[in-house]
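Asks: I'd like to ask you about the structure that follows.
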2 protein chains.
Amino acid sequence: MHVLIIGAAGMVGSKLIGRLVADGGLGGRAIEALTLVDVMPPAAPAGFGGKVATLTADLSQPGAAEKLIAARPDLIFHLAAIVSGEAEADFEKGYRINLDGTRDLFEAIRREGLRAPYRPRLVFTSSIAVFGAPFPEKIDDNFLSTPLTSYGTQKAIGELLLSDYARRGFFDGIGIRLPTICIRPGKPNKAASGFFSNILREPLSGIEAVLPVAETVRHWHASPRAAVGFLLHAATLDLAQVGPRRNLSMPGLSATIGEQIEALRRVAGEKAVKLIRHEPDPVIQKIVAGWPSNFDPARALSLGFRAESNFDEIIRVHIEDELGGRIG
Amino acid sequence: MHVLIIGAAGMVGSKLIGRLVADGGLGGRAIEALTLVDVMPPAAPAGFGGKVATLTADLSQPGAAEKLIAARPDLIFHLAAIVSGEAEADFEKGYRINLDGTRDLFEAIRREGLRAPYRPRLVFTSSIAVFGAPFPEKIDDNFLSTPLTSYGTQKAIGELLLSDYARRGFFDGIGIRLPTICIRPGKPNKAASGFFSNILREPLSGIEAVLPVAETVRHWHASPRAAVGFLLHAATLDLAQVGPRRNLSMPGLSATIGEQIEALRRVAGEKAVKLIRHEPDPVIQKIVAGWPSNFDPARALSLGFRAESNFDEIIRVHIEDELGGRIG
């Protein structure tokens, strides 16, 4: 099979590629070709026996999506997006990349199907940012999307388009609303949610980190390893089971910042906790106050999606996958 | 004030214009200018003392929205849409008119505001077609939008855009989800919901009508007069009361086809009922099966929106407003 990954240079994309290469196949089918696309040059993975193409492309540029789809990939992961903070700061760029880019991709697939029958599997990463306060104690599968950010709006529109294109038979689409991914490896990025990872990742490596919100803030998390698991499961799941509501809130772990810090203390001790500097940021606080904190992801659980059940586990995943099993 | 009505030649648009002209003002402000726009030439209203411009324009054509907004209207009613049946039959046209046309309008307002401060009131007519089965017994204000038609998808996307543009301060926007308007005057149109009106309107004028679904089908209705009332209330309501969730399910009347027919029998007798010919249509049945039948529109009611409470009243409104008070 030929797998196209859009947003391949991002954190989740890179981890997904690593897993696909390690597994060599998906759902019992061998992966013969990988096309990796991002606005920055994606790295070609080591140790893959099949054909690899790495492309630099901006999906929102005219013709970019058509070119990718002309190769008729069997499976498409659409992970590309401008993150929440940036989409809020730059209204036009956010809509161009997150809405137009997504729609151009969907349209390219539909138009390719007009030439000759074509119906790839498409996995779209949406976000819990499609939800906006006030929330019930737990957000269930029937709760409305009223995003309070432009990023959340763009993802919610992507979800609606995905369902309609899937319903019309243009592709076999599924949208998965990722929890906040924690612990993100690498450097802090422009996502307003970055601190959830920073306050664990940096102290685990002996570096100071800034906490811009109160310890009572509760949020919804899953590890990068769990996120890759969601993507692979979404890529192979029987979509007849899913029905017409093609966008699913993924399972995750609901925890407060205080609980995160307690888990850090248990795993890495008081000296790690002392590296967290409290520095309230009203802009971040306002954005985060509009975000969900807890879910009842019954549909995703019944369809076999799985995440971590405590923060010690999330920290251990990071130590295993990023730190070679040791705390620095 | 200057009022712009897009979709002015449609049924709701015409009735709205009639009411605005009769009232001469809105919310205590005189209406000095009316700009009436549609893809078909809208009629200039009789008896209006102010300035009237009637324009033929397709909002989805490049530059069309900018031209309308350059005049900086104070109040904009965006009623224009391809109806459900046509949007389902012609995928590209539905997205072009219902999505691109709406987005172009919103963008024109935002860009006008970049030149010099501008923040008009914008009233957008959405639809209960944003909801898709399965439903709870009554759809409340927290129920998710999972449309099962392209029309519903396009309206749901318009709602999301409206909320985001309003949140960013580009306009004072409010979206109102109209119940199925019953009894629609005039000739049957391409809306899949047309029969709800046809089976009353035609027999009231001594003409045969076709019922393509079972009498047990339950649906959500309001009269054209109630719809105009919703629009005027939305145009003058204090939006601070509404908060960030700017799209509201309007009040209406939940009734079965059987209850409609009983009301017709009470008002117009058995000879009217005998003019309804049962002719099942699987295509219409399938579309209607995915539509909502009952609501708990608590927010709209608390904000002062009002509709009819029984079908006899809906029929009487039609007889008063369309038939000069007499049954033909």
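Scheme for the structure tokens: letters A, B, ... for chains in order shown; per-chain residue numbers from 1; ligand numbers from 1 in order shown.
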As number ranges by chain, please: every residue in segment 8-205 of chain A that DSSP puts in strand (DSSP E or B).
Replies: A: 25-26, 29-30, 33-38, 51-56, 75-78, 121-127, 139, 143, 172-178, 180-181
Asks: Would you give me, as an NGL selection string, the residues of chain A that come within 8 Å of chain B, using only C-alpha atoms?
Replies: :A and (142-150 or 153 or 156-157 or 160-161 or 164 or 167 or 244-245)
Asks: For Ser14 of chain A, work out the shell of residues within 10 Å, counting only C-alpha atoms and skipping chain neighbours fewer than 2 positions away, then give it as an MDAnalysis selection string.
Replies: chainID A and resid 5 7:12 16:20 36 42:45 228
Asks: Could you please determine the separation between atom CA of Glu313 of chain B and atom CA of Ala272 of chain B in Å, to one decimal place?
Replies: 17.1 Å
Asks: DSSP on the backbone: what in segment 37-265 of chain A comes out helix (DSSP H, G or I), as a PyMOL selection string?
Replies: chain A and resi 64-69+84-89+91-115+128-130+150-167+194-204+224-236+257-265
